Amino acid sequence: MFTHVFLGTDDIEKSKKFYDAVMSVLGYGEGIIDDNRRIIYRTPTGVLGLTKPINGEDAHQGNGQTVGFAALSPEVVDKWHEVGLANGGTSIENPPGDRGNEDFKLYMAYLRDPSGNKICATHIYS
């Protein structure tokens, strides 16, 4: 459905350290800093980018906005959360754990990245 998602940051180096760590837990390589000083994570299905806002204003998170990353297991979600905390993330909402209902079961963890963006890792039970 999506080709790319970009999040704003005012600190490219701090964001790269955080996202390199949490994305590696999900099986992705290091982000590349392009000629425009954006951090780019390319996958076969899309791109995650982090950038200073092009309008020159400060970056800020969107209220009600969340970017979710697919995880292969609840253990990967837990590790992602742990690594995120160790690299400047902040735990938010409930601790990592089961969500959903009998028809749609999920295992999720939520973080705020160093720029305040809300992200989560999700394992969807088959």
# chains A, B, ... in the order shown; residues from 1 in each chain; ligands from 1
>>> select_by_dssp(residues="chain A", states="strand (DSSP E)", output="MDAnalysis selection string")
chainID A and resid 4:8 32:33 39:43 46:51 67:70 90:91 97:100 105:112 118:124
>>> residues_around(residues="stretch 44-58 of chain A", least_positions_apart="3", cutoff="7 Å", atoms="only C-alpha atoms", output="NGL selection string")
:A and (2-10 or 38-41)
>>> write_last_selection(atoms="all heavy atoms", output="mmCIF file, in the first residue's frame")
data_model
loop_
_atom_site.group_PDB
_atom_site.id
_atom_site.type_symbol
_atom_site.label_atom_id
_atom_site.label_comp_id
_atom_site.auth_asym_id
_atom_site.auth_seq_id
_atom_site.Cartn_x
_atom_site.Cartn_y
_atom_site.Cartn_z
ATOM 1 N N PHE A 2 1.934 1.288 0.769
ATOM 2 C CA PHE A 2 2.768 2.467 0.862
ATOM 3 C C PHE A 2 4.101 2.243 0.150
ATOM 4 O O PHE A 2 4.651 1.153 0.215
ATOM 5 C CB PHE A 2 3.053 2.822 2.325
ATOM 6 C CG PHE A 2 1.801 3.044 3.118
ATOM 7 C CD1 PHE A 2 1.369 2.099 4.026
ATOM 8 C CD2 PHE A 2 1.035 4.180 2.941
ATOM 9 C CE1 PHE A 2 0.211 2.286 4.744
ATOM 10 C CE2 PHE A 2 -0.120 4.381 3.657
ATOM 11 C CZ PHE A 2 -0.539 3.432 4.561
ATOM 12 N N THR A 3 4.611 3.278 -0.481
ATOM 13 C CA THR A 3 5.930 3.195 -1.102
ATOM 14 C C THR A 3 7.007 3.728 -0.178
ATOM 15 O O THR A 3 8.140 3.273 -0.224
ATOM 16 C CB THR A 3 5.978 4.001 -2.413
ATOM 17 O OG1 THR A 3 5.662 5.368 -2.130
ATOM 18 C CG2 THR A 3 5.014 3.425 -3.428
ATOM 19 N N HIS A 4 6.620 4.702 0.665
ATOM 20 C CA HIS A 4 7.601 5.273 1.572
ATOM 21 C C HIS A 4 6.912 6.003 2.723
ATOM 22 O O HIS A 4 5.768 6.427 2.609
ATOM 23 C CB HIS A 4 8.547 6.236 0.853
ATOM 24 C CG HIS A 4 7.854 7.419 0.244
ATOM 25 N ND1 HIS A 4 7.159 7.341 -0.937
ATOM 26 C CD2 HIS A 4 7.754 8.692 0.663
ATOM 27 C CE1 HIS A 4 6.663 8.531 -1.226
ATOM 28 N NE2 HIS A 4 6.996 9.372 -0.272
ATOM 29 N N VAL A 5 7.640 6.119 3.823
ATOM 30 C CA VAL A 5 7.231 6.888 4.985
ATOM 31 C C VAL A 5 8.440 7.711 5.392
ATOM 32 O O VAL A 5 9.553 7.175 5.501
ATOM 33 C CB VAL A 5 6.811 5.971 6.160
ATOM 34 C CG1 VAL A 5 6.569 6.773 7.419
ATOM 35 C CG2 VAL A 5 5.592 5.146 5.798
ATOM 36 N N PHE A 6 8.252 9.007 5.600
ATOM 37 C CA PHE A 6 9.311 9.883 6.087
ATOM 38 C C PHE A 6 8.890 10.470 7.422
ATOM 39 O O PHE A 6 7.735 10.850 7.602
ATOM 40 C CB PHE A 6 9.595 11.020 5.089
ATOM 41 C CG PHE A 6 10.618 10.669 4.064
ATOM 42 C CD1 PHE A 6 10.283 9.836 3.017
ATOM 43 C CD2 PHE A 6 11.913 11.145 4.145
ATOM 44 C CE1 PHE A 6 11.210 9.488 2.059
ATOM 45 C CE2 PHE A 6 12.853 10.811 3.193
ATOM 46 C CZ PHE A 6 12.513 9.977 2.152
ATOM 47 N N LEU A 7 9.833 10.537 8.349
ATOM 48 C CA LEU A 7 9.630 11.150 9.648
ATOM 49 C C LEU A 7 10.614 12.300 9.800
ATOM 50 O O LEU A 7 11.748 12.223 9.324
ATOM 51 C CB LEU A 7 9.862 10.136 10.772
ATOM 52 C CG LEU A 7 8.922 8.935 10.794
ATOM 53 C CD1 LEU A 7 9.383 7.924 11.834
ATOM 54 C CD2 LEU A 7 7.501 9.386 11.085
ATOM 55 N N GLY A 8 10.185 13.344 10.493
ATOM 56 C CA GLY A 8 11.055 14.487 10.716
ATOM 57 C C GLY A 8 11.965 14.298 11.905
ATOM 58 O O GLY A 8 11.618 13.640 12.884
ATOM 59 N N THR A 9 13.153 14.894 11.816
ATOM 60 C CA THR A 9 14.109 14.901 12.911
ATOM 61 C C THR A 9 14.935 16.181 12.842
ATOM 62 O O THR A 9 15.175 16.706 11.758
ATOM 63 C CB THR A 9 15.040 13.675 12.882
ATOM 64 O OG1 THR A 9 15.933 13.748 14.006
ATOM 65 C CG2 THR A 9 15.840 13.593 11.601
ATOM 66 N N ASP A 10 15.368 16.666 13.987
ATOM 67 C CA ASP A 10 16.282 17.802 14.029
ATOM 68 C C ASP A 10 17.716 17.343 14.272
ATOM 69 O O ASP A 10 18.634 18.160 14.252
ATOM 70 C CB ASP A 10 15.859 18.792 15.123
ATOM 71 C CG ASP A 10 14.566 19.510 14.770
ATOM 72 O OD1 ASP A 10 14.383 19.859 13.591
ATOM 73 O OD2 ASP A 10 13.738 19.719 15.678
ATOM 74 N N ARG A 38 19.466 13.102 4.279
ATOM 75 C CA ARG A 38 18.340 12.302 4.756
ATOM 76 C C ARG A 38 18.852 10.900 5.021
ATOM 77 O O ARG A 38 19.735 10.416 4.320
ATOM 78 C CB ARG A 38 17.234 12.239 3.707
ATOM 79 C CG ARG A 38 16.655 13.582 3.336
ATOM 80 C CD ARG A 38 15.665 13.454 2.227
ATOM 81 N NE ARG A 38 16.331 12.893 1.043
ATOM 82 C CZ ARG A 38 15.770 12.783 -0.150
ATOM 83 N NH1 ARG A 38 14.545 13.173 -0.342
ATOM 84 N NH2 ARG A 38 16.441 12.265 -1.158
ATOM 85 N N ILE A 39 18.288 10.237 6.005
ATOM 86 C CA ILE A 39 18.622 8.838 6.285
ATOM 87 C C ILE A 39 17.598 7.984 5.542
ATOM 88 O O ILE A 39 16.394 8.182 5.694
ATOM 89 C CB ILE A 39 18.578 8.516 7.781
ATOM 90 C CG1 ILE A 39 19.419 9.506 8.577
ATOM 91 C CG2 ILE A 39 19.046 7.079 8.026
ATOM 92 C CD1 ILE A 39 19.130 9.484 10.060
ATOM 93 N N ILE A 40 18.086 7.026 4.767
ATOM 94 C CA ILE A 40 17.214 6.200 3.944
ATOM 95 C C ILE A 40 17.440 4.724 4.284
ATOM 96 O O ILE A 40 18.580 4.243 4.285
ATOM 97 C CB ILE A 40 17.496 6.423 2.436
ATOM 98 C CG1 ILE A 40 17.391 7.907 2.070
ATOM 99 C CG2 ILE A 40 16.593 5.541 1.583
ATOM 100 C CD1 ILE A 40 16.016 8.499 2.177
ATOM 101 N N TYR A 41 16.346 4.014 4.565
ATOM 102 C CA TYR A 41 16.352 2.563 4.764
ATOM 103 C C TYR A 41 15.522 1.976 3.630
ATOM 104 O O TYR A 41 14.309 2.150 3.601
ATOM 105 C CB TYR A 41 15.740 2.184 6.127
ATOM 106 C CG TYR A 41 16.539 2.716 7.286
ATOM 107 C CD1 TYR A 41 16.304 3.995 7.777
ATOM 108 C CD2 TYR A 41 17.537 1.954 7.864
ATOM 109 C CE1 TYR A 41 17.046 4.507 8.827
ATOM 110 C CE2 TYR A 41 18.283 2.456 8.921
ATOM 111 C CZ TYR A 41 18.035 3.728 9.394
ATOM 112 O OH TYR A 41 18.780 4.236 10.432
#
>>> residues_around(residues="A:Tyr19", least_positions_apart="6", cutoff="12 Å", atoms="only C-alpha atoms", output="tab-separated table (two decimals) with C-alpha atoms, in the first residue's frame")
chain	number	residue	atom	x	y	z
A	7	LEU	CA	9.63	11.15	9.65
A	9	THR	CA	14.11	14.90	12.91
A	12	ILE	CA	20.25	13.25	11.91
A	13	GLU	CA	23.13	11.55	13.78
A	25	VAL	CA	16.59	-6.16	15.18
A	26	LEU	CA	13.95	-6.42	12.43
A	27	GLY	CA	16.53	-7.68	9.94
A	28	TYR	CA	17.30	-4.47	8.02
A	29	GLY	CA	20.71	-2.97	7.28
A	30	GLU	CA	22.10	0.41	8.25
A	31	GLY	CA	20.49	3.51	6.87
A	32	ILE	CA	22.32	5.48	4.19
A	39	ILE	CA	18.62	8.84	6.28
A	40	ILE	CA	17.21	6.20	3.94
A	41	TYR	CA	16.35	2.56	4.76
A	48	LEU	CA	11.72	4.58	5.55
A	49	GLY	CA	13.28	8.03	5.51
A	50	LEU	CA	14.28	10.46	8.24
A	69	PHE	CA	7.02	-2.18	11.77
A	80	TRP	CA	13.25	-4.27	19.36
A	81	HIS	CA	11.78	-2.49	22.40
A	83	VAL	CA	17.28	-2.06	21.84
A	84	GLY	CA	15.19	1.06	21.25
A	85	LEU	CA	15.33	1.99	24.94
A	86	ALA	CA	19.10	1.42	25.00
A	87	ASN	CA	19.54	3.76	22.01
A	88	GLY	CA	17.58	6.80	23.13
A	89	GLY	CA	13.95	5.72	22.71
A	111	LEU	CA	8.35	3.73	21.55
A	112	ARG	CA	8.96	7.40	20.93
A	113	ASP	CA	12.13	7.85	18.90
A	114	PRO	CA	14.68	10.51	19.94
A	115	SER	CA	12.72	13.13	17.92
A	117	ASN	CA	7.90	10.23	16.67
A	119	ILE	CA	6.65	3.98	16.38
>>> residues_around(residues="A:His123", least_positions_apart="4", cutoff="9 Å", atoms="only C-alpha atoms", output="PyMOL selection string")
chain A and resi 69-74+76-77+105-108
>>> select_by_dssp(residues="chain A", states="alpha helix (DSSP H)", output="JSON, numbers by chain")
{"A": [12, 13, 14, 15, 16, 17, 18, 19, 20, 21, 22, 23, 24, 25, 74, 75, 76, 77, 78, 79, 80, 81, 82, 83, 84, 85, 86]}
>>> closest_residue(among="A:Gln61, A:Ile124, A:Glu93, A:Asp98", to="A:Tyr110", atoms="only C-alpha atoms")
A:Glu93
>>> atom_distance(atom1="atom CA of A:Pro96", atom2="atom CA of A:Lys16")
23.4 Å
>>> atom_distance(atom1="atom CA of A:Thr90", atom2="atom CA of A:Gly116")
8.5 Å
>>> decode(residues="stretch 82-103 of chain A", atoms="N, CA and C atoms", output="PDB file, in the first residue's frame")
ATOM      1  N   GLU A  82      13.655  -3.341  23.683  1.00  0.00           N
ATOM      2  CA  GLU A  82      14.851  -3.257  24.534  1.00  0.00           C
ATOM      3  C   GLU A  82      15.959  -2.456  23.853  1.00  0.00           C
ATOM      4  N   VAL A  83      16.228  -2.764  22.598  1.00  0.00           N
ATOM      5  CA  VAL A  83      17.281  -2.062  21.844  1.00  0.00           C
ATOM      6  C   VAL A  83      16.908  -0.591  21.648  1.00  0.00           C
ATOM      7  N   GLY A  84      15.639  -0.326  21.387  1.00  0.00           N
ATOM      8  CA  GLY A  84      15.192   1.055  21.249  1.00  0.00           C
ATOM      9  C   GLY A  84      15.418   1.868  22.511  1.00  0.00           C
ATOM     10  N   LEU A  85      15.100   1.300  23.668  1.00  0.00           N
ATOM     11  CA  LEU A  85      15.334   1.994  24.939  1.00  0.00           C
ATOM     12  C   LEU A  85      16.818   2.254  25.161  1.00  0.00           C
ATOM     13  N   ALA A  86      17.657   1.285  24.807  1.00  0.00           N
ATOM     14  CA  ALA A  86      19.097   1.419  24.996  1.00  0.00           C
ATOM     15  C   ALA A  86      19.727   2.439  24.044  1.00  0.00           C
ATOM     16  N   ASN A  87      18.986   2.844  23.018  1.00  0.00           N
ATOM     17  CA  ASN A  87      19.544   3.762  22.014  1.00  0.00           C
ATOM     18  C   ASN A  87      18.783   5.085  21.944  1.00  0.00           C
ATOM     19  N   GLY A  88      18.170   5.482  23.050  1.00  0.00           N
ATOM     20  CA  GLY A  88      17.576   6.803  23.135  1.00  0.00           C
ATOM     21  C   GLY A  88      16.071   6.873  22.973  1.00  0.00           C
ATOM     22  N   GLY A  89      15.407   5.723  22.811  1.00  0.00           N
ATOM     23  CA  GLY A  89      13.949   5.724  22.709  1.00  0.00           C
ATOM     24  C   GLY A  89      13.295   5.797  24.075  1.00  0.00           C
ATOM     25  N   THR A  90      12.017   6.110  24.098  1.00  0.00           N
ATOM     26  CA  THR A  90      11.237   6.199  25.328  1.00  0.00           C
ATOM     27  C   THR A  90      10.029   5.276  25.205  1.00  0.00           C
ATOM     28  N   SER A  91       9.820   4.427  26.199  1.00  0.00           N
ATOM     29  CA  SER A  91       8.679   3.527  26.205  1.00  0.00           C
ATOM     30  C   SER A  91       7.403   4.319  26.450  1.00  0.00           C
ATOM     31  N   ILE A  92       6.367   4.003  25.674  1.00  0.00           N
ATOM     32  CA  ILE A  92       5.075   4.674  25.847  1.00  0.00           C
ATOM     33  C   ILE A  92       3.964   3.639  25.818  1.00  0.00           C
ATOM     34  N   GLU A  93       2.783   4.066  26.232  1.00  0.00           N
ATOM     35  CA  GLU A  93       1.596   3.224  26.299  1.00  0.00           C
ATOM     36  C   GLU A  93       1.848   2.048  27.231  1.00  0.00           C
ATOM     37  N   ASN A  94       1.258   0.912  26.961  1.00  0.00           N
ATOM     38  CA  ASN A  94       1.421  -0.269  27.807  1.00  0.00           C
ATOM     39  C   ASN A  94       2.763  -0.928  27.527  1.00  0.00           C
ATOM     40  N   PRO A  95       3.262  -1.745  28.477  1.00  0.00           N
ATOM     41  CA  PRO A  95       4.480  -2.505  28.197  1.00  0.00           C
ATOM     42  C   PRO A  95       4.261  -3.430  26.999  1.00  0.00           C
ATOM     43  N   PRO A  96       5.334  -3.927  26.390  1.00  0.00           N
ATOM     44  CA  PRO A  96       5.164  -4.872  25.281  1.00  0.00           C
ATOM     45  C   PRO A  96       4.249  -6.023  25.712  1.00  0.00           C
ATOM     46  N   GLY A  97       3.351  -6.410  24.807  1.00  0.00           N
ATOM     47  CA  GLY A  97       2.449  -7.501  25.159  1.00  0.00           C
ATOM     48  C   GLY A  97       1.351  -7.708  24.137  1.00  0.00           C
ATOM     49  N   ASP A  98       0.451  -8.627  24.486  1.00  0.00           N
ATOM     50  CA  ASP A  98      -0.654  -9.000  23.604  1.00  0.00           C
ATOM     51  C   ASP A  98      -1.678  -7.879  23.512  1.00  0.00           C
ATOM     52  N   ARG A  99      -2.231  -7.721  22.321  1.00  0.00           N
ATOM     53  CA  ARG A  99      -3.294  -6.758  22.054  1.00  0.00           C
ATOM     54  C   ARG A  99      -4.318  -7.451  21.142  1.00  0.00           C
ATOM     55  N   GLY A 100      -5.358  -6.753  20.828  1.00  0.00           N
ATOM     56  CA  GLY A 100      -6.339  -7.290  19.897  1.00  0.00           C
ATOM     57  C   GLY A 100      -7.449  -8.032  20.606  1.00  0.00           C
ATOM     58  N   ASN A 101      -8.065  -8.965  19.864  1.00  0.00           N
ATOM     59  CA  ASN A 101      -9.182  -9.745  20.396  1.00  0.00           C
ATOM     60  C   ASN A 101      -9.078 -11.178  19.874  1.00  0.00           C
ATOM     61  N   GLU A 102     -10.112 -11.984  20.092  1.00  0.00           N
ATOM     62  CA  GLU A 102     -10.070 -13.391  19.672  1.00  0.00           C
ATOM     63  C   GLU A 102      -9.893 -13.552  18.165  1.00  0.00           C
ATOM     64  N   ASP A 103     -10.396 -12.605  17.403  1.00  0.00           N
ATOM     65  CA  ASP A 103     -10.332 -12.698  15.942  1.00  0.00           C
ATOM     66  C   ASP A 103      -9.054 -12.127  15.343  1.00  0.00           C
TER      67      ASP A 103
END
